[in-house]
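S.K.: Handing you a structure now.
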Amino acid sequence: MATAQNTNIAAKQNSRQGFVYLPLIAGWLVPGAGHFLLRKWGRGTLLAASILGMFVLGLAMQGKLYANAHDILDVLGLAGDLGNGLLYILSRAAGLGADQVQLTTADYGTRFIVVAGLLNVIAAVDAHNLRTGRKS
Amino acid sequence: MFRPSHFAAVLLFALFASVVFGITQRETPRRMIRYGIYCFVLFAGSAVVLSWLMFLIAR
């Protein structure tokens with residue numbers, strides 16, 4: 001009897017929680033979206049502005065978008081770029097980003113894009129922590 | 001094309017990274033702001049200090 005009640009309570013809690021990983025995935029795909037889903041409008045806006053700003057400035061500096069991984073440094077760069085989620089996919093599809101880095105500022109731009117991806121992953125994990133109650 | 005100076009690039013990098021660090025690594029708004037400022041000063045300050053070190057080593 002008690003076990004059945006506990007199961008019911010757990011099932012109700014699960015249905016109320018929904019898909020726990022949604023803010024994580026949404027936050028990865030679109031910067032700040034994980035926080036918006038959790039109604040953290042201020043935090044989401046600041047995160048989105050910072051990550052988008054960094055990504056756009058990186059592209060404006062003629063930064064490179066990693067497309068393939070020939071050596072270990074390219075793998076790391078590609079992993080960082082993939083952190084940008086849809087921004088990376090759409091930019092690749094639109095043909096943005098330089099093929100070769102020829103200027104010092106373009107090298108900075110490449111780093112800006114990679115770091116924007118890494119910061120986006122941190123923001124998405126933060127949204128997940130808010131969702132699970134690990135952070136308030 | 002956007003071509004900032006080296007120092008402007010450092011400041012922009014520090015600003016964006018500090019905002020994300022502040023929001024994600026602390027819980028209350030007050031502590032977020034304090035930690036964000038702390039990160040910004042560390043980013044920008046360490047760049048200045050390392051630049052001077054490299055300048056002195058290269059001489």
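Residue numbering restarts at 1 in every chain; chains get A, B, ... in the order shown in the structure tokens, and ligands count up from 1 in that same order.
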I need the contact residues of chain B against chain A, so if you could list those with any atom within 9 Å, counting only C-alpha atoms, and return them as number ranges by chain, that would help.
M.R.: B: 1-6, 9, 12-13, 15-17, 19-21, 23-28
S.K.: Apply DSSP to the backbone of this structure and, from range 50-114 of chain A, keep only the residues in helix (DSSP H, G or I); write these as a ChimeraX atom specification.
M.R.: /A:50-60,72-82,86-93,104-114
S.K.: To one decimal place, how far is CA of Gly45 in chain B from CA of Pro29 in chain B in Å?
M.R.: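 If I compute the distance from CA of Gly45 in chain B to CA of Pro29 in chain B, I get 23.8 Å.
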S.K.: Taking into account only C-alpha atoms, which residue in the set B:Leu50, B:Val10, B:Gly22, B:Leu56 is nearest to Tyr38 in chain B?
M.R.: B:Gly22
S.K.: Would you mind listing what lies within 10 Å of Leu42 in chain B as an MDAnalysis selection string, with only C-alpha atoms counted and same-chain residues fewer than 5 positions away left out?
M.R.: chainID B and resid 14 18 36:37 47:48
